[in-house]
Amino acid sequence: MFKWRRNYNFSQLMATYAVLLSTVIGLFALYMGTTTTANDNRAISASLTNGLDKVADQVTANAREVHELGQHLTSTNSQVKNLNKYFELSPAAYLTYSQTASNHEAFYYLPDETLQLLMSNPMIEQVRITMSDFKPNFVADRRTPGGYKTTQRVSSRPQFRFSYPFVDNANLRGYGTLTLTYQTQPLTAALDKLNRGANLQVMVLTPTGQASYHFHGREVTASAARQTAKRVQRTFGRQTSGLAAFTQKYRYRTSKLADGSLLVAMTDRAVVRQQQRLKNWTLGAEAVAIDVILFGGLWLTFRRYRLQLQQMIQSMSLVGQGDLDVRLKVPTQSGDLKIMATGINQMLDEINTYVYQIYQLEIEQRDANMKALQSQIQPHFLYNTLEYIRMYAVAEDQNELAEVVYAFAALLRNNTDQSPTTTLAKETEFIEKYIYLYQMRFPDQIAYGLQLAPILADLTIPKFILQPLVENYFAHGIDYLRTDNVVSVKAWQDGQQRVYLQVQDNGRGMSAAQLATVQTQIESQQVTGERTSIGLRNVYERLQGYFGDSATMRLNRNQQGGITVMLTFVRGTTDATRHDRG
C-alpha cells in the first residue's frame, strides 16, 4: 500500500478518474435500468387496469341494453301476450293481429323492434329470442333485420353474447330468453391502442365459466392465446384450480361485474422479463461504449501535460522535504499549468508569513480548549461541594437542611443537563423538588398534589414543559399572606391516545380580558406590542415543535379563582410509518 502511494502519478490519477467515471456511468445505467423496469411495471399495471375498465364498460353497457330490451318486451302481460302471438301465428297472421292490436299502448311489432335496434346500434350482430313453449327461435341479424323463425340451434363457439331471462312474476318460472350477440372489433381496436397492449390479454367469463370474449395483443401468438384461455377457464371457471401456478406465470387483475361475469386481464411474466432484460442489456452496452470513448479521450487529451507535471512534482517534492526556497519552473505556453506554477510560487513566497500566523492560532486554540475543560470542571466541583454540605448536615443531624441541599443540587444538575428531552416522570420529580424548596422557605403555607397516570411515566416530552407553568404560579399567582395556597399537577390519557397535562392553582388569577390577551399572545406567531407571556409562548412553541399540530395550550379561570393551564397533544405524532405494496 505504501509503495502504491509513493508511485502515485498523473497516469494513475487519470486511471482512477476513468474508473470513477465508469462507476458513475455504470451506476447511472443501473439507475436508468431500475427506473425503466419500475416504469414498465407501472405501465403494465396501468394497461391491466385500463383493459379491465374498457371491457367492463362495454360489458356493462351491453348487459344494460339487453336488460332494457327484455324489460320492454315483457314488462306487462299484454306485451308477453304479444310476444307469444309472434310464435303462435304465421308471419301473415301476426301482421294481421298487429293491425288490430296496434291501438293498445303496450303493443309492439316485433320485426320493427329488432329492425330499429339493429339500425340504432351497429355493434349488435344478432338478436335471438327462445321460448320454452315453442320450438322455433326468433333470429334477427344484419342480413334479416326484421327477423325470422328458425329451428337452428345456437352456435357453441365463443361469442360476445348477453342474455336476459323471461320470468313469470306470478310463479317465478322462466319461459324464455333474449340473447344479443355483439361485434368485438371496436372493443378489440380500442384495446389494441392501449399503452403496453401488445402483450395484453383480456377475457370475459360468463357466470357459468364459459369464455364469451378473448382479446390478445398483436405480440401474443395464437397458440399462446389458446393456452391462456384454457388456463383462465381452469383457474377461474366453476371448478377453480391452479391459482398459484397461474399467479406465477401471469401478472393479472380481475373484476367481477354485477351480472356475475368475471373479467381477467393478464400479461405473461416471462415475456415482460425478457423485454426488460433486453432493455437493461441495451443500457449496459451503451454505458460500456460511453466508458471506452471517455477513457480514450481522457488519455489523448492529457498526455501532453505529463512531462510538465512530472517536473512540477519533482520541485514540489523538494518543498515537501523542507526546502522552501525551491520554485517551480513556469511553462512558457499559456494554460492551466502556467497558472498553477505561478500560483504555487506565490504561495511559497507567503508560507513563511503564514507559519507565524498559524502558530499564533494554535496557541489561541489551546487556550480555548483549556477554558472548555475548566467549564466542565466547575459544575462538577459545585456538585461535589453541595454533596459535602449535605453529608455534613446529615452528620450534624440536620436532616431538613440535608434534604434542602439535596433538592437544590438535583435542580441544579437538571438545569445544567443539556439533554433536550426528558420523561414525564422525571419532569414531575423535578417539579416536586422545586415546590419542596418553596415549602421550606414558606412552611405551613403551601400544599401541592401530583397525579401521574402510570401509563405516562415513560412518555418522552421536551424538557421544562411543566416547570415554567409551576414557576409562573410562584412568581405571579401565589398569595404569601394566605396559608391555603395550593398547586396541583395532573397527567392522564384518553382512549384516543390524547394526553392531558393540567397545572391548576388557587392563586390571584386574572380577569377575562387578561386571559384573552395572554391566550392571543401564546397562539400568535407575530409579536405585536409588549409581550407578557414569553415563558408560556416558549412552552407552547416547544410543545408544537415536538408533537406537531395536535399540541394545544388553553388558560382558564377555575372555580377557586386561580388559573388552570391545560396542555394536550396526541402520542405518536412524531413517528412516521410507510407501507408500500409491490
# chains A, B, ... in the order shown; residues from 1 in each chain; ligands from 1
call {"tool": "residues_around", "arguments": {"residues": "region 307-318 of chain A", "least_positions_apart": "3", "cutoff": "10 Å", "atoms": "only C-alpha atoms", "output": "JSON, numbers by chain"}}
result
{"A": [9, 10, 303, 304, 321, 322, 323, 324, 325, 326, 327, 328, 329, 330, 331, 337, 338, 340, 341, 344]}
call {"tool": "select_by_dssp", "arguments": {"residues": "region 70-194 of chain A", "states": "helix (DSSP H, G or I)", "output": "PyMOL selection string"}}
result
chain A and resi 70-74+77-88+91-101+110-120+185-192
call {"tool": "write_last_selection", "arguments": {"atoms": "N, CA and C atoms", "output": "short mmCIF file (atom, residue, chain, number, x, y, z; two decimals), in the first residue's frame"}}
result
data_model
loop_
_atom_site.label_atom_id
_atom_site.label_comp_id
_atom_site.auth_asym_id
_atom_site.auth_seq_id
_atom_site.Cartn_x
_atom_site.Cartn_y
_atom_site.Cartn_z
N GLY A 70 -85.20 -6.48 -22.87
CA GLY A 70 -86.02 -7.53 -22.29
C GLY A 70 -87.17 -6.97 -21.48
N GLN A 71 -86.92 -5.90 -20.72
CA GLN A 71 -87.99 -5.24 -19.97
C GLN A 71 -89.04 -4.67 -20.92
N HIS A 72 -88.58 -4.09 -22.01
CA HIS A 72 -89.50 -3.50 -22.97
C HIS A 72 -90.40 -4.56 -23.60
N LEU A 73 -89.88 -5.75 -23.82
CA LEU A 73 -90.66 -6.79 -24.49
C LEU A 73 -91.61 -7.53 -23.56
N THR A 74 -91.32 -7.55 -22.24
CA THR A 74 -92.11 -8.43 -21.35
C THR A 74 -92.52 -7.75 -20.06
N ASN A 77 -98.37 -7.89 -19.08
CA ASN A 77 -98.99 -9.12 -19.58
C ASN A 77 -99.35 -9.00 -21.06
N SER A 78 -99.77 -7.80 -21.46
CA SER A 78 -100.13 -7.63 -22.87
C SER A 78 -98.91 -7.73 -23.77
N GLN A 79 -97.75 -7.26 -23.26
CA GLN A 79 -96.52 -7.38 -24.04
C GLN A 79 -96.09 -8.84 -24.15
N VAL A 80 -96.23 -9.59 -23.05
CA VAL A 80 -95.91 -11.02 -23.09
C VAL A 80 -96.84 -11.73 -24.06
N LYS A 81 -98.12 -11.34 -24.02
CA LYS A 81 -99.08 -11.95 -24.94
C LYS A 81 -98.70 -11.64 -26.38
N ASN A 82 -98.30 -10.39 -26.64
CA ASN A 82 -97.90 -10.01 -27.99
C ASN A 82 -96.70 -10.83 -28.46
N LEU A 83 -95.73 -11.07 -27.53
CA LEU A 83 -94.56 -11.87 -27.89
C LEU A 83 -94.96 -13.30 -28.21
N ASN A 84 -95.85 -13.86 -27.41
CA ASN A 84 -96.32 -15.24 -27.67
C ASN A 84 -97.06 -15.33 -29.00
N LYS A 85 -97.81 -14.28 -29.34
CA LYS A 85 -98.55 -14.28 -30.61
C LYS A 85 -97.61 -14.42 -31.81
N TYR A 86 -96.43 -13.82 -31.69
CA TYR A 86 -95.50 -13.92 -32.81
C TYR A 86 -95.13 -15.38 -33.07
N PHE A 87 -94.93 -16.13 -31.98
CA PHE A 87 -94.55 -17.53 -32.13
C PHE A 87 -95.75 -18.42 -32.45
N GLU A 88 -96.94 -18.03 -32.01
CA GLU A 88 -98.13 -18.85 -32.26
C GLU A 88 -98.59 -18.71 -33.71
N PRO A 91 -96.33 -15.48 -40.00
CA PRO A 91 -95.98 -14.07 -40.22
C PRO A 91 -97.16 -13.25 -40.74
N ALA A 92 -97.93 -13.81 -41.67
CA ALA A 92 -99.07 -13.07 -42.21
C ALA A 92 -100.13 -12.87 -41.14
N ALA A 93 -100.42 -13.93 -40.36
CA ALA A 93 -101.42 -13.81 -39.31
C ALA A 93 -100.96 -12.84 -38.22
N TYR A 94 -99.66 -12.85 -37.92
CA TYR A 94 -99.14 -11.92 -36.89
C TYR A 94 -99.24 -10.48 -37.38
N LEU A 95 -99.05 -10.26 -38.69
CA LEU A 95 -99.20 -8.92 -39.24
C LEU A 95 -100.65 -8.46 -39.12
N THR A 96 -101.57 -9.37 -39.42
CA THR A 96 -103.00 -9.03 -39.28
C THR A 96 -103.33 -8.75 -37.82
N TYR A 97 -102.81 -9.56 -36.93
CA TYR A 97 -103.04 -9.34 -35.49
C TYR A 97 -102.49 -7.98 -35.05
N SER A 98 -101.32 -7.63 -35.58
CA SER A 98 -100.70 -6.36 -35.17
C SER A 98 -101.53 -5.16 -35.64
N GLN A 99 -102.21 -5.31 -36.77
CA GLN A 99 -103.03 -4.19 -37.28
C GLN A 99 -104.24 -3.96 -36.39
N THR A 100 -104.75 -5.03 -35.79
CA THR A 100 -105.92 -4.88 -34.91
C THR A 100 -105.51 -4.49 -33.50
N ALA A 101 -104.28 -4.87 -33.07
CA ALA A 101 -103.86 -4.61 -31.68
C ALA A 101 -102.95 -3.39 -31.56
N LEU A 110 -92.84 -6.93 -33.32
CA LEU A 110 -91.50 -7.46 -33.04
C LEU A 110 -90.52 -7.22 -34.18
N PRO A 111 -90.85 -7.44 -35.45
CA PRO A 111 -89.87 -7.17 -36.51
C PRO A 111 -89.42 -5.71 -36.54
N ASP A 112 -90.36 -4.78 -36.26
CA ASP A 112 -89.96 -3.36 -36.23
C ASP A 112 -89.00 -3.09 -35.08
N GLU A 113 -89.23 -3.73 -33.92
CA GLU A 113 -88.37 -3.51 -32.77
C GLU A 113 -86.94 -3.95 -33.07
N THR A 114 -86.79 -5.12 -33.66
CA THR A 114 -85.43 -5.59 -33.95
C THR A 114 -84.80 -4.78 -35.06
N LEU A 115 -85.60 -4.34 -36.04
CA LEU A 115 -85.07 -3.51 -37.11
C LEU A 115 -84.52 -2.21 -36.56
N GLN A 116 -85.27 -1.53 -35.68
CA GLN A 116 -84.81 -0.27 -35.09
C GLN A 116 -83.58 -0.50 -34.21
N LEU A 117 -83.58 -1.63 -33.47
CA LEU A 117 -82.44 -1.91 -32.59
C LEU A 117 -81.16 -2.10 -33.40
N LEU A 118 -81.21 -2.87 -34.47
CA LEU A 118 -80.03 -3.12 -35.28
C LEU A 118 -79.56 -1.88 -36.01
N MET A 119 -80.51 -1.02 -36.40
CA MET A 119 -80.11 0.21 -37.08
C MET A 119 -79.50 1.21 -36.10
N SER A 120 -80.01 1.26 -34.87
CA SER A 120 -79.51 2.25 -33.90
C SER A 120 -78.20 1.82 -33.26
N GLN A 185 -65.03 -6.20 -32.83
CA GLN A 185 -63.95 -5.45 -33.48
C GLN A 185 -63.71 -4.06 -32.86
N PRO A 186 -64.74 -3.26 -32.58
CA PRO A 186 -64.46 -1.94 -31.97
C PRO A 186 -63.77 -2.05 -30.62
N LEU A 187 -64.22 -3.01 -29.77
CA LEU A 187 -63.58 -3.18 -28.47
C LEU A 187 -62.14 -3.65 -28.64
N THR A 188 -61.91 -4.57 -29.58
CA THR A 188 -60.55 -5.05 -29.82
C THR A 188 -59.65 -3.93 -30.32
N ALA A 189 -60.19 -3.08 -31.20
CA ALA A 189 -59.38 -1.95 -31.70
C ALA A 189 -59.02 -0.99 -30.57
N ALA A 190 -59.96 -0.75 -29.64
CA ALA A 190 -59.68 0.15 -28.51
C ALA A 190 -58.61 -0.45 -27.61
N LEU A 191 -58.66 -1.76 -27.37
CA LEU A 191 -57.65 -2.39 -26.53
C LEU A 191 -56.29 -2.40 -27.22
N ASP A 192 -56.28 -2.53 -28.56
CA ASP A 192 -55.02 -2.52 -29.30
C ASP A 192 -54.27 -1.19 -29.13
#
call {"tool": "atom_distance", "arguments": {"atom1": "CA of Gln521 (chain A)", "atom2": "CA of Leu536 (chain A)"}}
result
9.0 Å
call {"tool": "closest_atom_pairs", "arguments": {"of": "region 13-67 of chain A", "to": "region 237-257 of chain A", "cutoff": "8 Å", "atoms": "only C-alpha atoms", "output": "Markdown table"}}
result
| residue | atom | partner | partner_atom | distance |
| --- | --- | --- | --- | --- |
| A:Leu48 | CA | A:Arg253 | CA | 6.5 |
| A:Thr49 | CA | A:Arg253 | CA | 7.4 |
| A:Leu52 | CA | A:Ser255 | CA | 7.2 |
| A:Ala56 | CA | A:Leu257 | CA | 7.5 |
| A:Thr60 | CA | A:Leu257 | CA | 7.7 |
call {"tool": "closest_residue", "arguments": {"among": "A:Ile563, A:Ala222, A:Tyr480, A:Gly507", "to": "Arg441 (chain A)", "atoms": "only C-alpha atoms"}}
result
A:Tyr480
call {"tool": "closest_residue", "arguments": {"among": "A:Val154, A:Leu172, A:Val220, A:Val55", "to": "Val204 (chain A)", "atoms": "only C-alpha atoms"}}
result
A:Val55
call {"tool": "closest_residue", "arguments": {"among": "A:Ser163, A:Gln227, A:Asn39, A:Ser155", "to": "Thr130 (chain A)", "atoms": "only C-alpha atoms"}}
result
A:Ser163
call {"tool": "select_by_dssp", "arguments": {"residues": "region 66-258 of chain A", "states": "strand (DSSP E or B)", "output": "MDAnalysis selection string"}}
result
chainID A and resid 124:131 137:141 148:150 161:168 173:182 201:205 211:216 250:256
call {"tool": "write_last_selection", "arguments": {"atoms": "N, CA and C atoms", "output": "short mmCIF file (atom, residue, chain, number, x, y, z; two decimals), in the first residue's frame"}}
result
data_model
loop_
_atom_site.label_atom_id
_atom_site.label_comp_id
_atom_site.auth_asym_id
_atom_site.auth_seq_id
_atom_site.Cartn_x
_atom_site.Cartn_y
_atom_site.Cartn_z
N ILE A 124 -74.41 -4.54 -32.62
CA ILE A 124 -75.19 -5.76 -32.41
C ILE A 124 -75.20 -6.57 -33.70
N GLU A 125 -74.79 -7.83 -33.61
CA GLU A 125 -74.78 -8.71 -34.78
C GLU A 125 -76.08 -9.50 -34.91
N GLN A 126 -76.63 -9.93 -33.77
CA GLN A 126 -77.78 -10.82 -33.85
C GLN A 126 -78.67 -10.64 -32.62
N VAL A 127 -79.96 -10.76 -32.83
CA VAL A 127 -80.96 -10.79 -31.77
C VAL A 127 -81.64 -12.15 -31.83
N ARG A 128 -81.67 -12.86 -30.72
CA ARG A 128 -82.29 -14.19 -30.69
C ARG A 128 -83.23 -14.26 -29.50
N ILE A 129 -84.44 -14.78 -29.73
CA ILE A 129 -85.43 -14.99 -28.67
C ILE A 129 -85.83 -16.46 -28.71
N THR A 130 -85.69 -17.13 -27.58
CA THR A 130 -86.14 -18.52 -27.45
C THR A 130 -87.25 -18.57 -26.42
N MET A 131 -88.29 -19.35 -26.70
CA MET A 131 -89.44 -19.51 -25.80
C MET A 131 -89.56 -20.97 -25.41
N ASN A 137 -87.04 -20.64 -32.82
CA ASN A 137 -86.44 -19.44 -32.23
C ASN A 137 -86.64 -18.27 -33.17
N PHE A 138 -86.67 -17.07 -32.59
CA PHE A 138 -86.71 -15.85 -33.39
C PHE A 138 -85.29 -15.35 -33.52
N VAL A 139 -84.86 -15.08 -34.76
CA VAL A 139 -83.50 -14.60 -35.01
C VAL A 139 -83.58 -13.40 -35.94
N ALA A 140 -82.89 -12.30 -35.56
CA ALA A 140 -82.75 -11.12 -36.41
C ALA A 140 -81.27 -10.77 -36.48
N ASP A 141 -80.76 -10.57 -37.68
CA ASP A 141 -79.36 -10.23 -37.85
C ASP A 141 -79.22 -9.14 -38.91
N TYR A 148 -86.70 -13.69 -38.33
CA TYR A 148 -87.38 -14.85 -38.89
C TYR A 148 -87.35 -15.96 -37.84
N LYS A 149 -88.23 -16.97 -38.07
CA LYS A 149 -88.27 -18.12 -37.19
C LYS A 149 -87.34 -19.20 -37.74
N THR A 150 -86.65 -19.86 -36.82
CA THR A 150 -85.73 -20.92 -37.22
C THR A 150 -85.62 -21.93 -36.11
N ARG A 161 -71.97 -12.71 -26.21
CA ARG A 161 -73.42 -12.76 -26.04
C ARG A 161 -73.81 -12.24 -24.67
N PHE A 162 -75.02 -11.65 -24.61
CA PHE A 162 -75.60 -11.19 -23.35
C PHE A 162 -77.07 -11.58 -23.35
N SER A 163 -77.51 -12.18 -22.28
CA SER A 163 -78.86 -12.75 -22.22
C SER A 163 -79.70 -12.10 -21.13
N TYR A 164 -81.02 -12.12 -21.37
CA TYR A 164 -81.99 -11.66 -20.38
C TYR A 164 -83.08 -12.73 -20.26
N PRO A 165 -83.27 -13.33 -19.11
CA PRO A 165 -84.27 -14.39 -18.96
C PRO A 165 -85.67 -13.80 -18.79
N PHE A 166 -86.63 -14.39 -19.46
CA PHE A 166 -88.03 -14.02 -19.27
C PHE A 166 -88.58 -14.85 -18.10
N VAL A 167 -89.07 -14.17 -17.07
CA VAL A 167 -89.55 -14.86 -15.86
C VAL A 167 -90.98 -14.41 -15.58
N ASP A 168 -91.83 -15.38 -15.32
CA ASP A 168 -93.23 -15.11 -14.95
C ASP A 168 -93.23 -14.68 -13.48
N ARG A 173 -91.38 -18.70 -12.82
CA ARG A 173 -90.95 -19.71 -13.77
C ARG A 173 -90.41 -19.03 -15.03
N GLY A 174 -89.26 -19.46 -15.47
CA GLY A 174 -88.70 -18.91 -16.69
C GLY A 174 -89.41 -19.47 -17.91
N TYR A 175 -89.72 -18.59 -18.85
CA TYR A 175 -90.43 -19.06 -20.03
C TYR A 175 -89.73 -18.65 -21.33
N GLY A 176 -88.54 -18.09 -21.25
CA GLY A 176 -87.84 -17.73 -22.47
C GLY A 176 -86.57 -16.94 -22.18
N THR A 177 -85.82 -16.64 -23.23
CA THR A 177 -84.56 -15.92 -23.08
C THR A 177 -84.35 -15.01 -24.29
N LEU A 178 -83.91 -13.78 -24.00
CA LEU A 178 -83.49 -12.84 -25.02
C LEU A 178 -81.97 -12.81 -25.04
N THR A 179 -81.36 -12.99 -26.21
CA THR A 179 -79.90 -13.01 -26.32
C THR A 179 -79.47 -12.04 -27.42
N LEU A 180 -78.53 -11.14 -27.06
CA LEU A 180 -77.94 -10.21 -28.03
C LEU A 180 -76.48 -10.60 -28.23
N THR A 181 -76.10 -10.74 -29.48
CA THR A 181 -74.71 -11.05 -29.82
C THR A 181 -74.08 -9.79 -30.42
N TYR A 182 -72.91 -9.38 -29.87
CA TYR A 182 -72.28 -8.11 -30.24
C TYR A 182 -71.00 -8.36 -31.03
N GLN A 201 -53.70 -9.49 -22.58
CA GLN A 201 -54.81 -10.39 -22.87
C GLN A 201 -55.94 -10.08 -21.89
N VAL A 202 -57.16 -10.04 -22.41
CA VAL A 202 -58.34 -9.80 -21.57
C VAL A 202 -59.40 -10.82 -21.95
N MET A 203 -59.97 -11.49 -20.93
CA MET A 203 -61.01 -12.48 -21.16
C MET A 203 -62.23 -12.14 -20.33
N VAL A 204 -63.40 -12.45 -20.90
CA VAL A 204 -64.68 -12.29 -20.22
C VAL A 204 -65.27 -13.69 -20.02
N LEU A 205 -65.49 -14.07 -18.77
CA LEU A 205 -66.10 -15.35 -18.44
C LEU A 205 -67.53 -15.12 -17.98
N ALA A 211 -66.04 -18.78 -21.78
CA ALA A 211 -65.42 -17.58 -22.34
C ALA A 211 -66.34 -16.98 -23.40
N SER A 212 -66.72 -15.70 -23.19
CA SER A 212 -67.55 -15.02 -24.19
C SER A 212 -66.74 -14.01 -25.00
N TYR A 213 -65.54 -13.66 -24.53
CA TYR A 213 -64.70 -12.72 -25.28
C TYR A 213 -63.26 -12.94 -24.85
N HIS A 214 -62.34 -12.90 -25.81
CA HIS A 214 -60.92 -13.06 -25.52
C HIS A 214 -60.13 -12.14 -26.44
N PHE A 215 -59.48 -11.15 -25.84
CA PHE A 215 -58.60 -10.25 -26.59
C PHE A 215 -57.16 -10.62 -26.30
N HIS A 216 -56.32 -10.66 -27.34
CA HIS A 216 -54.89 -10.82 -27.13
C HIS A 216 -54.17 -9.87 -28.08
N TYR A 250 -48.46 -15.41 -14.73
CA TYR A 250 -49.05 -14.19 -15.26
C TYR A 250 -49.11 -13.11 -14.19
N ARG A 251 -48.96 -11.88 -14.63
CA ARG A 251 -49.41 -10.73 -13.85
C ARG A 251 -50.83 -10.44 -14.29
N TYR A 252 -51.75 -10.37 -13.35
CA TYR A 252 -53.15 -10.28 -13.76
C TYR A 252 -53.94 -9.45 -12.75
N ARG A 253 -55.11 -9.04 -13.21
CA ARG A 253 -56.10 -8.40 -12.35
C ARG A 253 -57.47 -8.91 -12.77
N THR A 254 -58.38 -8.99 -11.82
CA THR A 254 -59.73 -9.49 -12.09
C THR A 254 -60.75 -8.47 -11.62
N SER A 255 -61.94 -8.58 -12.20
CA SER A 255 -63.05 -7.72 -11.81
C SER A 255 -64.34 -8.50 -12.03
N LYS A 256 -65.17 -8.55 -11.01
CA LYS A 256 -66.44 -9.25 -11.12
C LYS A 256 -67.56 -8.24 -11.23
#
call {"tool": "closest_residue", "arguments": {"among": "A:Gly51, A:Arg153, A:Ala457, A:Ile358", "to": "Ala265 (chain A)", "atoms": "only C-alpha atoms"}}
result
A:Gly51
call {"tool": "atom_distance", "arguments": {"atom1": "CA of Val487 (chain A)", "atom2": "CA of Tyr434 (chain A)"}}
result
12.1 Å
call {"tool": "residues_around", "arguments": {"residues": "region 482-484 of chain A", "least_positions_apart": "3", "cutoff": "7 Å", "atoms": "only C-alpha atoms", "output": "NGL selection string"}}
result
:A and (444-446 or 479)
call {"tool": "residues_around", "arguments": {"residues": "region 553-560 of chain A", "least_positions_apart": "6", "cutoff": "10 Å", "atoms": "only C-alpha atoms", "output": "ChimeraX atom specification"}}
result
/A:501-512,515-516,518-519,522-523,536-537,539-541,543-544,566-569
call {"tool": "atom_distance", "arguments": {"atom1": "CA of Tyr354 (chain A)", "atom2": "CA of Ile339 (chain A)"}}
result
21.5 Å
call {"tool": "residues_around", "arguments": {"residues": "Thr422 (chain A)", "least_positions_apart": "6", "cutoff": "8 Å", "atoms": "only C-alpha atoms", "output": "list of chain:residue names"}}
result
A:Thr460, A:Ile461, A:Pro462, A:Lys463
call {"tool": "write_last_selection", "arguments": {"atoms": "C-alpha atoms", "output": "tab-separated table (two decimals), in the first residue's frame"}}
result
chain	number	residue	atom	x	y	z
A	460	THR	CA	-40.86	11.42	26.35
A	461	ILE	CA	-41.56	15.18	26.33
A	462	PRO	CA	-39.47	18.31	25.75
A	463	LYS	CA	-37.59	19.36	28.86
